[in-house]
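Novice: Take a look at input.pdb, PDB, C-alpha atoms, pLDDT in the B column:
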```pdb
ATOM      1  CA  MET A  14      97.023  52.150 -12.011  1.00 41.00           C
ATOM      2  CA  ALA A  15      96.801  54.544  -9.062  1.00 48.00           C
ATOM      3  CA  LYS A  16      98.936  53.729  -6.063  1.00 47.00           C
ATOM      4  CA  ARG A  17      97.153  52.216  -3.081  1.00 51.00           C
ATOM      5  CA  VAL A  18      96.989  54.550  -0.091  1.00 51.00           C
ATOM      6  CA  VAL A  19      97.527  52.789   3.222  1.00 51.00           C
ATOM      7  CA  PRO A  20      94.960  53.699   5.945  1.00 54.00           C
ATOM      8  CA  GLU A  21      96.200  56.206   8.535  1.00 51.00           C
ATOM      9  CA  THR A  22      96.315  53.653  11.351  1.00 51.00           C
ATOM     10  CA  ALA A  23      98.410  51.269   9.292  1.00 50.00           C
ATOM     11  CA  ARG A  24     100.768  53.745   7.667  1.00 50.00           C
ATOM     12  CA  ARG A  25     101.907  55.638  10.773  1.00 49.00           C
ATOM     13  CA  ARG A  26     105.640  55.282  11.244  1.00 49.00           C
ATOM     14  CA  ARG A  27     106.538  53.406  14.398  1.00 48.00           C
ATOM     15  CA  ARG A  28     109.863  55.227  14.591  1.00 52.00           C
ATOM     16  CA  PRO A  29     110.299  59.016  14.438  1.00 58.00           C
ATOM     17  CA  THR A  30     111.924  60.556  11.393  1.00 59.00           C
ATOM     18  CA  LYS A  31     115.461  61.918  11.511  1.00 58.00           C
ATOM     19  CA  GLN A  32     113.952  65.136  12.842  1.00 59.00           C
ATOM     20  CA  GLY A  33     112.200  63.329  15.691  1.00 58.00           C
ATOM     21  CA  GLN A  34     108.710  63.586  14.229  1.00 68.00           C
ATOM     22  CA  VAL A  35     106.126  60.873  13.637  1.00 79.00           C
ATOM     23  CA  LEU A  36     104.720  61.350  10.153  1.00 87.00           C
ATOM     24  CA  THR A  37     101.030  62.084   9.729  1.00 90.00           C
ATOM     25  CA  HIS A  38      98.851  63.254   6.859  1.00 92.00           C
ATOM     26  CA  GLN A  39      98.539  66.656   8.557  1.00 93.00           C
ATOM     27  CA  LEU A  40     102.273  67.062   9.088  1.00 93.00           C
ATOM     28  CA  ILE A  41     102.980  66.349   5.425  1.00 95.00           C
ATOM     29  CA  VAL A  42     100.383  68.902   4.292  1.00 95.00           C
ATOM     30  CA  GLU A  43     101.737  71.551   6.671  1.00 95.00           C
ATOM     31  CA  THR A  44     105.305  70.897   5.507  1.00 94.00           C
ATOM     32  CA  ALA A  45     104.215  71.112   1.874  1.00 95.00           C
ATOM     33  CA  LEU A  46     102.555  74.473   2.580  1.00 95.00           C
ATOM     34  CA  ARG A  47     105.788  75.740   4.094  1.00 94.00           C
ATOM     35  CA  MET A  48     107.794  74.510   1.105  1.00 93.00           C
ATOM     36  CA  LEU A  49     105.438  76.233  -1.310  1.00 94.00           C
ATOM     37  CA  ARG A  50     105.806  79.477   0.636  1.00 91.00           C
ATOM     38  CA  GLU A  51     109.605  79.227   0.596  1.00 89.00           C
ATOM     39  CA  HIS A  52     110.292  77.691  -2.826  1.00 89.00           C
ATOM     40  CA  GLY A  53     107.156  77.981  -4.964  1.00 89.00           C
ATOM     41  CA  ALA A  54     105.396  75.227  -6.882  1.00 89.00           C
ATOM     42  CA  ALA A  55     108.560  74.193  -8.717  1.00 88.00           C
ATOM     43  CA  GLY A  56     110.197  73.427  -5.385  1.00 88.00           C
ATOM     44  CA  LEU A  57     107.489  71.032  -4.209  1.00 91.00           C
ATOM     45  CA  THR A  58     108.673  67.558  -5.157  1.00 91.00           C
ATOM     46  CA  ALA A  59     108.487  64.233  -3.365  1.00 92.00           C
ATOM     47  CA  ARG A  60     112.269  64.199  -2.995  1.00 92.00           C
ATOM     48  CA  ARG A  61     112.433  67.660  -1.429  1.00 92.00           C
ATOM     49  CA  LEU A  62     109.418  66.951   0.734  1.00 93.00           C
ATOM     50  CA  GLY A  63     111.050  63.776   1.986  1.00 91.00           C
ATOM     51  CA  LEU A  64     114.210  65.691   2.851  1.00 91.00           C
ATOM     52  CA  ALA A  65     112.199  68.344   4.700  1.00 91.00           C
ATOM     53  CA  LEU A  66     110.431  65.633   6.688  1.00 91.00           C
ATOM     54  CA  GLY A  67     113.593  63.663   7.365  1.00 89.00           C
ATOM     55  CA  ALA A  68     112.157  60.643   5.577  1.00 88.00           C
ATOM     56  CA  ASP A  69     112.533  58.822   2.276  1.00 87.00           C
ATOM     57  CA  ALA A  70     110.607  60.363  -0.632  1.00 85.00           C
ATOM     58  CA  SER A  71     108.697  57.106  -1.113  1.00 86.00           C
ATOM     59  CA  THR A  72     107.160  57.577   2.332  1.00 83.00           C
ATOM     60  CA  VAL A  73     104.963  60.363   0.914  1.00 86.00           C
ATOM     61  CA  TYR A  74     103.240  57.819  -1.309  1.00 88.00           C
ATOM     62  CA  ARG A  75     102.060  55.865   1.719  1.00 88.00           C
ATOM     63  CA  TYR A  76      99.869  58.867   2.528  1.00 92.00           C
ATOM     64  CA  PHE A  77      99.008  60.205  -0.944  1.00 93.00           C
ATOM     65  CA  ARG A  78      98.409  58.540  -4.314  1.00 92.00           C
ATOM     66  CA  GLY A  79     100.722  61.045  -5.943  1.00 92.00           C
ATOM     67  CA  MET A  80     101.771  64.672  -5.822  1.00 93.00           C
ATOM     68  CA  ASP A  81      98.472  65.797  -7.334  1.00 94.00           C
ATOM     69  CA  ASP A  82      96.667  64.053  -4.487  1.00 96.00           C
ATOM     70  CA  LEU A  83      98.810  66.107  -2.118  1.00 96.00           C
ATOM     71  CA  VAL A  84      97.909  69.302  -3.995  1.00 96.00           C
ATOM     72  CA  LEU A  85      94.212  68.533  -3.469  1.00 97.00           C
ATOM     73  CA  ALA A  86      94.864  67.970   0.231  1.00 97.00           C
ATOM     74  CA  ILE A  87      96.582  71.371   0.395  1.00 97.00           C
ATOM     75  CA  ALA A  88      93.561  72.980  -1.273  1.00 97.00           C
ATOM     76  CA  ASP A  89      91.293  71.357   1.291  1.00 97.00           C
ATOM     77  CA  GLU A  90      93.546  72.527   4.114  1.00 97.00           C
ATOM     78  CA  LEU A  91      93.130  76.145   2.992  1.00 97.00           C
ATOM     79  CA  PHE A  92      89.352  75.809   3.196  1.00 97.00           C
ATOM     80  CA  GLY A  93      89.836  74.486   6.706  1.00 96.00           C
ATOM     81  CA  HIS A  94      91.885  77.561   7.580  1.00 96.00           C
ATOM     82  CA  ALA A  95      89.134  79.783   6.171  1.00 97.00           C
ATOM     83  CA  VAL A  96      86.291  78.424   8.302  1.00 97.00           C
ATOM     84  CA  GLU A  97      88.275  77.689  11.470  1.00 96.00           C
ATOM     85  CA  GLY A  98      86.624  79.491  14.379  1.00 96.00           C
ATOM     86  CA  TRP A  99      83.784  80.856  12.230  1.00 96.00           C
ATOM     87  CA  SER A 100      80.256  80.836  13.606  1.00 96.00           C
ATOM     88  CA  PRO A 101      77.080  82.214  12.039  1.00 96.00           C
ATOM     89  CA  SER A 102      75.575  85.462  13.269  1.00 96.00           C
ATOM     90  CA  GLY A 103      72.140  84.848  11.775  1.00 93.00           C
ATOM     91  CA  ASP A 104      72.517  87.740   9.325  1.00 97.00           C
ATOM     92  CA  TRP A 105      72.930  85.940   6.000  1.00 98.00           C
ATOM     93  CA  ARG A 106      74.556  88.855   4.212  1.00 98.00           C
ATOM     94  CA  ALA A 107      77.059  89.532   7.005  1.00 98.00           C
ATOM     95  CA  ASP A 108      77.812  85.821   7.301  1.00 98.00           C
ATOM     96  CA  LEU A 109      78.539  85.430   3.587  1.00 98.00           C
ATOM     97  CA  ARG A 110      80.676  88.565   3.589  1.00 98.00           C
ATOM     98  CA  GLU A 111      82.768  87.249   6.455  1.00 98.00           C
ATOM     99  CA  LEU A 112      83.139  83.837   4.831  1.00 98.00           C
ATOM    100  CA  GLY A 113      84.194  85.396   1.538  1.00 98.00           C
ATOM    101  CA  LEU A 114      86.813  87.549   3.232  1.00 98.00           C
ATOM    102  CA  ARG A 115      88.021  84.554   5.241  1.00 98.00           C
ATOM    103  CA  ILE A 116      88.452  82.441   2.103  1.00 98.00           C
ATOM    104  CA  HIS A 117      90.313  85.264   0.366  1.00 98.00           C
ATOM    105  CA  HIS A 118      92.536  85.820   3.412  1.00 97.00           C
ATOM    106  CA  ALA A 119      93.318  82.109   3.798  1.00 97.00           C
ATOM    107  CA  TYR A 120      94.566  81.911   0.236  1.00 96.00           C
ATOM    108  CA  LEU A 121      96.532  85.152   0.405  1.00 96.00           C
ATOM    109  CA  THR A 122      98.262  83.910   3.549  1.00 95.00           C
ATOM    110  CA  HIS A 123      99.721  81.172   1.315  1.00 95.00           C
ATOM    111  CA  PRO A 124     100.006  82.850  -2.112  1.00 94.00           C
ATOM    112  CA  GLN A 125     102.133  80.165  -3.753  1.00 94.00           C
ATOM    113  CA  ALA A 126      99.682  77.494  -2.620  1.00 95.00           C
ATOM    114  CA  ALA A 127      96.759  79.644  -3.781  1.00 95.00           C
ATOM    115  CA  VAL A 128      98.081  79.908  -7.324  1.00 93.00           C
ATOM    116  CA  LEU A 129      98.560  76.130  -7.371  1.00 94.00           C
ATOM    117  CA  THR A 130      95.244  75.085  -5.816  1.00 95.00           C
ATOM    118  CA  ALA A 131      92.490  77.710  -6.067  1.00 93.00           C
ATOM    119  CA  SER A 132      91.247  76.427  -9.438  1.00 94.00           C
ATOM    120  CA  ARG A 133      90.868  72.849  -8.170  1.00 95.00           C
ATOM    121  CA  VAL A 134      87.741  71.034  -7.014  1.00 96.00           C
ATOM    122  CA  THR A 135      88.700  68.490  -4.365  1.00 96.00           C
ATOM    123  CA  GLY A 136      85.519  66.945  -3.012  1.00 96.00           C
ATOM    124  CA  LEU A 137      87.384  66.638   0.292  1.00 97.00           C
ATOM    125  CA  PRO A 138      85.840  67.221   3.743  1.00 97.00           C
ATOM    126  CA  GLN A 139      86.779  70.864   4.386  1.00 97.00           C
ATOM    127  CA  GLU A 140      85.746  72.026   0.925  1.00 97.00           C
ATOM    128  CA  VAL A 141      82.474  70.092   1.130  1.00 98.00           C
ATOM    129  CA  ALA A 142      81.756  71.470   4.613  1.00 97.00           C
ATOM    130  CA  THR A 143      82.345  75.040   3.392  1.00 98.00           C
ATOM    131  CA  ASP A 144      80.015  74.567   0.439  1.00 98.00           C
ATOM    132  CA  GLU A 145      77.363  73.109   2.763  1.00 98.00           C
ATOM    133  CA  ILE A 146      77.661  76.187   5.000  1.00 98.00           C
ATOM    134  CA  ILE A 147      77.305  78.638   2.102  1.00 98.00           C
ATOM    135  CA  LEU A 148      74.313  76.857   0.572  1.00 98.00           C
ATOM    136  CA  GLY A 149      72.723  76.559   4.008  1.00 98.00           C
ATOM    137  CA  ILE A 150      73.058  80.306   4.560  1.00 98.00           C
ATOM    138  CA  LEU A 151      71.432  81.081   1.220  1.00 98.00           C
ATOM    139  CA  ARG A 152      68.589  78.592   1.609  1.00 98.00           C
ATOM    140  CA  GLY A 153      68.047  79.721   5.195  1.00 97.00           C
ATOM    141  CA  ALA A 154      67.779  83.322   3.979  1.00 97.00           C
ATOM    142  CA  GLY A 155      64.831  82.322   1.804  1.00 97.00           C
ATOM    143  CA  PHE A 156      66.404  81.981  -1.635  1.00 97.00           C
ATOM    144  CA  PRO A 157      64.763  79.312  -3.813  1.00 97.00           C
ATOM    145  CA  ASP A 158      67.133  76.451  -4.552  1.00 98.00           C
ATOM    146  CA  ALA A 159      67.859  77.530  -8.132  1.00 97.00           C
ATOM    147  CA  ASP A 160      68.747  81.035  -6.960  1.00 97.00           C
ATOM    148  CA  ALA A 161      70.749  79.706  -4.016  1.00 98.00           C
ATOM    149  CA  VAL A 162      72.877  77.616  -6.376  1.00 98.00           C
ATOM    150  CA  ARG A 163      73.300  80.485  -8.835  1.00 98.00           C
ATOM    151  CA  ILE A 164      74.435  82.888  -6.095  1.00 98.00           C
ATOM    152  CA  TYR A 165      76.633  80.236  -4.479  1.00 98.00           C
ATOM    153  CA  HIS A 166      78.285  79.642  -7.868  1.00 98.00           C
ATOM    154  CA  ALA A 167      79.014  83.333  -8.342  1.00 98.00           C
ATOM    155  CA  PHE A 168      80.112  83.747  -4.722  1.00 98.00           C
ATOM    156  CA  ILE A 169      82.619  80.905  -4.578  1.00 98.00           C
ATOM    157  CA  ASP A 170      84.018  81.476  -8.061  1.00 97.00           C
ATOM    158  CA  GLN A 171      84.441  85.179  -7.343  1.00 98.00           C
ATOM    159  CA  SER A 172      86.212  84.410  -4.063  1.00 97.00           C
ATOM    160  CA  LEU A 173      88.598  81.957  -5.685  1.00 97.00           C
ATOM    161  CA  ALA A 174      89.184  84.060  -8.812  1.00 97.00           C
ATOM    162  CA  PHE A 175      90.238  87.068  -6.754  1.00 97.00           C
ATOM    163  CA  SER A 176      92.314  84.764  -4.564  1.00 96.00           C
ATOM    164  CA  ILE A 177      94.274  83.576  -7.604  1.00 96.00           C
ATOM    165  CA  LEU A 178      94.627  87.095  -9.015  1.00 96.00           C
ATOM    166  CA  ASP A 179      95.777  88.671  -5.764  1.00 97.00           C
ATOM    167  CA  ALA A 180      97.938  85.715  -4.766  1.00 95.00           C
ATOM    168  CA  ALA A 181      99.699  85.787  -8.126  1.00 94.00           C
ATOM    169  CA  THR A 182     100.673  89.384  -7.408  1.00 95.00           C
ATOM    170  CA  LEU A 183     101.985  88.483  -3.950  1.00 93.00           C
ATOM    171  CA  ALA A 184     103.898  85.528  -5.422  1.00 91.00           C
ATOM    172  CA  LEU A 185     105.878  87.791  -7.772  1.00 91.00           C
ATOM    173  CA  PRO A 186     109.497  88.579  -6.905  1.00 92.00           C
ATOM    174  CA  PRO A 187     109.482  91.754  -4.783  1.00 94.00           C
ATOM    175  CA  ALA A 188     111.203  93.857  -7.463  1.00 97.00           C
ATOM    176  CA  ALA A 189     108.650  92.856 -10.104  1.00 97.00           C
ATOM    177  CA  ARG A 190     105.731  93.516  -7.764  1.00 96.00           C
ATOM    178  CA  GLU A 191     107.064  96.953  -6.824  1.00 96.00           C
ATOM    179  CA  ALA A 192     107.626  97.816 -10.493  1.00 97.00           C
ATOM    180  CA  ASP A 193     104.030  96.879 -11.323  1.00 96.00           C
ATOM    181  CA  GLU A 194     102.706  98.983  -8.458  1.00 96.00           C
ATOM    182  CA  GLU A 195     104.711 102.000  -9.560  1.00 97.00           C
ATOM    183  CA  VAL A 196     103.174 101.956 -13.050  1.00 98.00           C
ATOM    184  CA  TRP A 197     100.025 103.659 -11.756  1.00 97.00           C
ATOM    185  CA  ARG A 198     102.025 106.584 -10.407  1.00 96.00           C
ATOM    186  CA  ASP A 199     104.800 106.721 -12.985  1.00 97.00           C
ATOM    187  CA  THR A 200     102.742 106.099 -16.141  1.00 98.00           C
ATOM    188  CA  TYR A 201      98.996 106.500 -15.610  1.00 98.00           C
ATOM    189  CA  ALA A 202      99.245 109.559 -13.380  1.00 97.00           C
ATOM    190  CA  ARG A 203     101.387 111.331 -15.996  1.00 97.00           C
ATOM    191  CA  LEU A 204      99.146 110.824 -19.015  1.00 98.00           C
ATOM    192  CA  PRO A 205      97.963 114.197 -20.377  1.00 98.00           C
ATOM    193  CA  ALA A 206      94.305 115.175 -20.406  1.00 98.00           C
ATOM    194  CA  SER A 207      94.634 116.086 -24.069  1.00 98.00           C
ATOM    195  CA  THR A 208      95.046 112.439 -25.062  1.00 98.00           C
ATOM    196  CA  HIS A 209      93.580 110.523 -22.098  1.00 98.00           C
ATOM    197  CA  PRO A 210      91.026 112.838 -20.459  1.00 98.00           C
ATOM    198  CA  HIS A 211      89.280 110.166 -18.383  1.00 98.00           C
ATOM    199  CA  ILE A 212      92.463 108.649 -16.975  1.00 98.00           C
ATOM    200  CA  ALA A 213      93.868 112.111 -16.259  1.00 98.00           C
ATOM    201  CA  ALA A 214      90.693 113.163 -14.455  1.00 98.00           C
ATOM    202  CA  THR A 215      90.707 110.103 -12.205  1.00 98.00           C
ATOM    203  CA  ALA A 216      94.465 109.594 -11.858  1.00 97.00           C
ATOM    204  CA  PRO A 217      94.717 110.414  -8.117  1.00 97.00           C
ATOM    205  CA  LEU A 218      91.921 107.964  -7.386  1.00 98.00           C
ATOM    206  CA  LEU A 219      93.506 105.304  -9.566  1.00 97.00           C
ATOM    207  CA  VAL A 220      96.844 105.695  -7.796  1.00 97.00           C
ATOM    208  CA  ALA A 221      95.117 105.430  -4.422  1.00 97.00           C
ATOM    209  CA  ARG A 222      93.050 102.328  -5.257  1.00 97.00           C
ATOM    210  CA  MET A 223      94.573 100.184  -7.962  1.00 97.00           C
ATOM    211  CA  ASN A 224      97.272  98.484  -5.908  1.00 96.00           C
ATOM    212  CA  ASP A 225      94.675  97.242  -3.422  1.00 97.00           C
ATOM    213  CA  SER A 226      92.457  94.211  -3.970  1.00 97.00           C
ATOM    214  CA  ALA A 227      89.071  94.921  -5.513  1.00 98.00           C
ATOM    215  CA  TYR A 228      87.645  91.804  -3.881  1.00 98.00           C
ATOM    216  CA  PRO A 229      85.838  93.510  -0.956  1.00 98.00           C
ATOM    217  CA  THR A 230      84.127  95.882  -3.403  1.00 98.00           C
ATOM    218  CA  ALA A 231      83.178  93.079  -5.788  1.00 98.00           C
ATOM    219  CA  LEU A 232      81.909  90.970  -2.892  1.00 98.00           C
ATOM    220  CA  ASP A 233      79.740  93.836  -1.608  1.00 98.00           C
ATOM    221  CA  MET A 234      78.325  94.345  -5.105  1.00 98.00           C
ATOM    222  CA  LEU A 235      77.446  90.657  -5.406  1.00 98.00           C
ATOM    223  CA  LEU A 236      75.768  90.587  -2.001  1.00 98.00           C
ATOM    224  CA  ALA A 237      73.881  93.829  -2.697  1.00 98.00           C
ATOM    225  CA  SER A 238      72.550  92.327  -5.919  1.00 97.00           C
ATOM    226  CA  ALA A 239      71.465  89.155  -4.133  1.00 97.00           C
ATOM    227  CA  SER A 240      69.831  91.184  -1.350  1.00 97.00           C
ATOM    228  CA  ALA A 241      67.891  93.281  -3.844  1.00 96.00           C
ATOM    229  CA  GLN A 242      66.644  90.108  -5.524  1.00 92.00           C
ATOM    230  CA  LEU A 243      65.499  88.686  -2.189  1.00 90.00           C
ATOM    231  CA  ARG A 244      63.625  91.887  -1.337  1.00 84.00           C
ATOM    232  CA  GLY A 245      62.024  91.927  -4.791  1.00 72.00           C
TER     233      GLY A 245
END
```
Transcribe the structure of this file into structure tokens.
Specialist:
Amino acid sequence: MAKRVVPETARRRRRPTKQGQVLTHQLIVETALRMLREHGAAGLTARRLGLALGADASTVYRYFRGMDDLVLAIADELFGHAVEGWSPSGDWRADLRELGLRIHHAYLTHPQAAVLTASRVTGLPQEVATDEIILGILRGAGFPDADAVRIYHAFIDQSLAFSILDAATLALPPAAREADEEVWRDTYARLPASTHPHIAATAPLLVARMNDSAYPTALDMLLASASAQLRG
């Protein structure tokens, strides 16, 4: 049976923790994000989180049903980071492009958290609000509902897929990441035209591009396709 979560007003500690802080849902999520950044997913446990907060590990379960519930809250927090301060311009294509880049940036700011959460569906307020914004932009642009949902599906999955891919690279140990990046120069750029004519012909371009994220290009291609459909 799932643990009962005490309402926020009832679960607030009357006394500060050892670090002088009064625990809140938000403080726990922010501390968990910091722990993921510093220690990775393996380092995020109730015991370690309790130590970081200056409280007993069991205190976490007054705010969350379990660690997976906390993971979903972290995922929702990243959506909140993505849309914070955003306002529509009225240009549907520009608005979706900015939202996509904001989502991607929010996840890459917390790569360890991105790898852990980007594949999850939370149903929590920030995620739901973001989805409402995206669908509203598409419907407001004139897309029929079936097309709006189809484009929304491709848009959000593309954003999150690239977030996981690019975050996984950032989450690598620095030596491993640098070694991967050097492969384009040290291996691909040295392949002879006699055996690999197409790689050899494009090697300088590959070296220049392949260590950067392809997400902006993929996003532009998706939006161009949707725009062409709307014009048609």
Novice: Residue by residue, what does the PyMOL selection byres ((chain A and resi 144-148) around 12) grab here? Present the result as JSON, numbers by chain.
Specialist: {"A": [89, 92, 93, 95, 96, 99, 100, 101, 105, 106, 107, 108, 109, 110, 111, 112, 113, 116, 134, 135, 136, 137, 138, 139, 140, 141, 142, 143, 149, 150, 151, 152, 153, 154, 155, 156, 157, 158, 159, 160, 161, 162, 163, 164, 165, 166, 167, 168, 169, 170]}
Novice: Have a look at atom CA of Ala202 of chain A and atom CA of Ala216 of chain A and let me know their distance in Å, one decimal.
Specialist: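 Interatomic distance here is 5.0 Å.
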Novice: For Pro124 of chain A, which residue out of A:Thr230, A:Gln39, A:Ser240, A:Thr182 is the nearest one, using all atoms listed in the file?
Specialist: A:Thr182
Novice: Quick one: residues within 10 Å of Leu49 of chain A, only C-alpha atoms, excluding same-chain residues fewer than 2 positions away - as an MDAnalysis selection string?
Specialist: chainID A and resid 43:47 51:57 123:127 129
Novice: Using atom CA of Ser238 of chain A and atom CA of Ile177 of chain A as the two end points, give the distance in Å to one decimal.
Specialist: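 Result for atom CA of Ser238 of chain A versus atom CA of Ile177 of chain A: 23.5 Å, one decimal.
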Novice: What is the distance, in Å and to one decimal place, between atom CA of Val128 of chain A and atom CA of Leu185 of chain A?
Specialist: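 We find that atom CA of Val128 of chain A and atom CA of Leu185 of chain A lie 11.1 Å from each other.
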Novice: Just want the 10 Å neighbourhood of Arg60 of chain A, counted on all atoms listed in the file, with same-chain residues fewer than 4 positions away dropped. Output as a compact mmCIF listing (two decimals) with C-alpha atoms, in the coordinates of the input.
Specialist:
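Below is the file out34.txt, written as the result:
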```txt
# COMPACT_ATOMS: atom_id res chain seq x y z
CA GLY A 56 110.20 73.43 -5.38
CA LEU A 64 114.21 65.69 2.85
CA ALA A 65 112.20 68.34 4.70
CA LEU A 66 110.43 65.63 6.69
CA ALA A 68 112.16 60.64 5.58
CA ASP A 69 112.53 58.82 2.28
CA ALA A 70 110.61 60.36 -0.63
CA SER A 71 108.70 57.11 -1.11
CA THR A 72 107.16 57.58 2.33
CA VAL A 73 104.96 60.36 0.91
```
Novice: Step by step, gather every atom of segment 43-47 of chain A that the file lists, find the box along x, y and z that holds them, add 4 Å on each side, and finally give centre and edge lengths in Å to one decimal, as lines of an AutoDock Vina configuration file.
Specialist:
```
center_x = 103.8
center_y = 73.3
center_z = 4.3
size_x = 12.1
size_y = 12.8
size_z = 12.8
```
Novice: Pick the closest to Leu235 of chain A from A:Glu97, A:Ala88, A:Ser172, A:Thr37: which is it, counting only C-alpha atoms?
Specialist: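 Result for the nearest residue to Leu235 of chain A: A:Ser172.
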Novice: Of the residues A:Ala237, A:Asp179, A:His211, A:Ala189, which is the one nearest to Met223 of chain A, using all atoms listed in the file?
Specialist: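 With all atoms listed in the file as the atom set, the closest residue is A:Asp179.
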Novice: Which of these, A:Leu232, A:Arg50, A:Glu191, A:Tyr201, has the shortest distance to Leu218 of chain A once you count all atoms listed in the file?
Specialist: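 Distance minimum relative to Leu218 of chain A lands on A:Tyr201.
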Novice: Kindly indicate which residue among A:Tyr120, A:Tyr228, A:Tyr74, A:Trp197 lies nearest to Thr58 of chain A, using only C-alpha atoms for the distances.
Specialist: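 The shortest atom-to-atom distance to Thr58 of chain A comes from A:Tyr74.
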Novice: Measuring atom to atom with all atoms listed in the file, identify which of A:Leu114, A:Leu173, A:Ala119, A:Leu85 is nearest to Ala131 of chain A.
Specialist: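 Between A:Leu114, A:Leu173, A:Ala119, A:Leu85, the residue approaching Ala131 of chain A most closely is A:Leu173.
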Novice: Applied to the shown file, which residues does the PyMOL selection byres ((chain A and resi 203) around 12) return, written as number ranges by chain?
Specialist: A: 195-202, 204-210, 212-217, 219-220
